[in-house]
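Asks: My questions will all concern the structure given below.
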Amino acid sequence: MGVQRHTGVVEEITWRAIKVRTFQNHVVLINNSTAAKEPIEVSPRGNLNARLVYLNTLYTASPAKTIHVVREAVREADNVSQKVTPLVRIRNLGENGVEYEVKYWLDDYAKYNDTDALVRQRIWYAFRRAGLNFAFPTRTLHLERKAITRPVTAEEQIADRLSAVDVFAPLSTEELRQLATATVGHVFAPGETLIRAGDEGSSMFVVHNGRVAVQVADKNGPRTVAVLSEGNFFGEMALFTGEPRTANVVALEETEVLEIGHAAMKHLFETNPSLAESISWTIAERQADLAAGSLQASQASIQESAGVLASIKRFFGLR
């Protein structure tokens with residue numbers, strides 16, 4: 001007869017038995033005499049305990065890129081310890097792809113099942129954004145790759161979304177179509193950070209589906225100063241002037257954003273130089289409104305518009 005094994009949290013140790021509450025919420029009493037005869041694996045409360053999660057990729061995926069993407073996706077997940085950086089290693093060159101193991105450390109080992117699941121979820125979303133693919137049996141590989149690399153949204157839908165964004169109001173229908181063609185969609189999991197304060201950047205984002213929170217650092221931790229939903233945008237100063245990010249933006253639910261990059265806007269400015277002035281006015285008006293309130297916005301906008309225009313011209317190399 002085999003030895004029955006139980007996994008759970010030790011609730012009490014007495015002179016007679018060890019009381020364990022399993023993860024199925026059953027209470028098991030293990031007689032001390034029995035416990036003394038069998039090996040028991042203990043994960044001490046408050047200690048760093050490691051877990052392993054496995055994944056595989058296509059052979060065409062760069063190992064250096066894969067390791068970086070996975071490590072960054074895992075390190076900020078809830079219950080993953082910030083004291084030790086997760087390790088991502090190639091464990092085997094398998095029949096269908098490159099096999100990896102992710103080793104991370106837990107703050108609370110009792111939640112390892114939920115944390116393993118969250119780590120796998122974060123890796124899936126990070127792979128989708130990075131254009132990496134999981135390995136599949138050879139007979140289905142071609143079909144799955146086509147499905148995964150298909151654009152997130154149709155060009156017409158993106159152009160329609162961009163047309164409702166204030167900062168792009170000066171663009172013509174054809175210019176919106178060109179911008180939509182160069183726009184990239186990204187999907188983020190609930191709780192993931194889209195951008196961080198202080199980071200360099202040269203793109204802005206439009207919320208296509210879902211919601212994000214704009215957070216600034218406070219003495220008591222992150223403080224939410226705004227919640228943005230479908231059609232709202234953020235990061236425009238990085239796109240148009242190259243300024244560093246001023247706040248953290250975190251997904252409140254599964255969120256799809258559209259990223260507009262520097263190269264796409266530079267092409268539009270070169271073909272239509274008057275756009276820079278129109279957009280600088282819109283940006284200055286928005287910044288003044290956020291800073292001073294609507295009653296003082298107009299006067300502040302006039303003062304700021306020239307400065308924003310100069311920054312745009314300098315950043316994009318316009319005359």
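FYI, nothing fancy with the structure tokens labels: chains A, B, ... in order, residues from 1 per chain, ligands from 1 as they appear.
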Identify, with DSSP run on backbone atoms, the residues in region 43-270 of chain A assigned to strand (DSSP E or B), and express the list as a PyMOL selection string.
Replies: chain A and resi 49-57+80+87-93+98-106+134+184-188+193-195+203-209+212-218+221-228+233-234+248-251+255-261
Asks: Keeping only C-alpha atoms, take the residues you just selected and write them out as a short mmCIF file (atom, residue, chain, number, x, y, z; two decimals), in the first residue's frame.
Replies:
```
data_model
loop_
_atom_site.label_atom_id
_atom_site.label_comp_id
_atom_site.auth_asym_id
_atom_site.auth_seq_id
_atom_site.Cartn_x
_atom_site.Cartn_y
_atom_site.Cartn_z
CA ASN A 49 10.79 29.30 -2.01
CA ALA A 50 11.29 28.71 -5.72
CA ARG A 51 8.92 27.39 -8.39
CA LEU A 52 9.50 26.16 -11.94
CA VAL A 53 7.19 26.89 -14.89
CA TYR A 54 7.86 25.45 -18.34
CA LEU A 55 7.23 26.73 -21.87
CA ASN A 56 8.52 26.17 -25.39
CA THR A 57 9.05 28.32 -28.46
CA VAL A 80 6.64 36.91 -7.26
CA LEU A 87 15.78 32.96 -14.06
CA VAL A 88 14.89 31.85 -17.59
CA ARG A 89 16.94 28.98 -18.99
CA ILE A 90 16.92 26.64 -22.00
CA ARG A 91 16.36 23.16 -20.59
CA ASN A 92 16.20 21.22 -23.84
CA LEU A 93 16.24 21.43 -27.63
CA VAL A 98 13.13 25.09 -27.79
CA GLU A 99 12.07 24.16 -24.23
CA TYR A 100 12.55 26.70 -21.44
CA GLU A 101 12.17 26.67 -17.67
CA VAL A 102 11.32 29.75 -15.63
CA LYS A 103 12.50 29.73 -12.03
CA TYR A 104 10.97 32.34 -9.77
CA TRP A 105 10.66 32.85 -6.03
CA LEU A 106 7.44 33.26 -4.07
CA PHE A 134 4.78 28.91 -28.74
CA VAL A 184 0.55 48.53 -33.86
CA GLY A 185 -1.90 46.85 -31.47
CA HIS A 186 -0.85 45.43 -28.09
CA VAL A 187 -2.88 43.46 -25.54
CA PHE A 188 -2.09 43.65 -21.81
CA THR A 193 2.25 47.95 -16.50
CA LEU A 194 2.08 49.51 -19.97
CA ILE A 195 4.57 52.34 -19.39
CA SER A 203 5.29 56.80 -29.10
CA MET A 204 1.80 57.42 -27.76
CA PHE A 205 -1.09 55.06 -27.07
CA VAL A 206 -4.84 55.05 -27.63
CA VAL A 207 -7.06 52.76 -25.55
CA HIS A 208 -8.95 50.60 -28.03
CA ASN A 209 -10.65 48.21 -25.58
CA VAL A 212 -6.07 51.73 -17.69
CA ALA A 213 -5.12 53.65 -14.56
CA VAL A 214 -2.65 56.55 -14.64
CA GLN A 215 -0.60 56.40 -11.44
CA VAL A 216 1.96 58.69 -9.83
CA ALA A 217 4.30 57.92 -6.93
CA ASP A 218 3.12 58.97 -3.49
CA GLY A 221 2.63 54.09 -2.76
CA PRO A 222 1.12 54.47 -6.24
CA ARG A 223 -1.80 56.93 -6.42
CA THR A 224 -4.32 56.77 -9.28
CA VAL A 225 -4.90 60.21 -10.79
CA ALA A 226 -7.02 59.17 -13.79
CA VAL A 227 -8.77 56.17 -15.31
CA LEU A 228 -8.77 56.07 -19.11
CA PHE A 233 -5.01 58.46 -25.15
CA PHE A 234 -1.78 58.89 -23.20
CA ASN A 248 2.93 54.74 -14.66
CA VAL A 249 0.01 53.39 -16.68
CA VAL A 250 -1.43 50.07 -15.52
CA ALA A 251 -4.13 47.89 -17.12
CA THR A 255 -6.79 45.99 -22.40
CA GLU A 256 -5.90 46.52 -26.04
CA VAL A 257 -4.02 49.69 -26.93
CA LEU A 258 -2.94 51.13 -30.26
CA GLU A 259 0.65 52.41 -30.40
CA ILE A 260 1.52 55.27 -32.75
CA GLY A 261 5.26 55.59 -33.33
#
```
Asks: Can you pull out every residue within 10 Å of Leu118 (chain A), counting only C-alpha atoms, but drop anything in the same chain fewer than 6 positions away, and send it as an NGL selection string?
Replies: :A and (74 or 77-80 or 112 or 124 or 189)
Asks: Any idea what the distance is between CA of Phe240 (chain A) and CA of Glu76 (chain A)?
Replies: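 CA of Glu76 (chain A) lies 29.2 Å from CA of Phe240 (chain A).
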Asks: Just the number, please: distance in Å from CA of Gln24 (chain A) to CA of Gln121 (chain A), one decimal.
Replies: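 Taking CA of Gln24 (chain A) as the start and CA of Gln121 (chain A) as the end point, the length is 22.8 Å.
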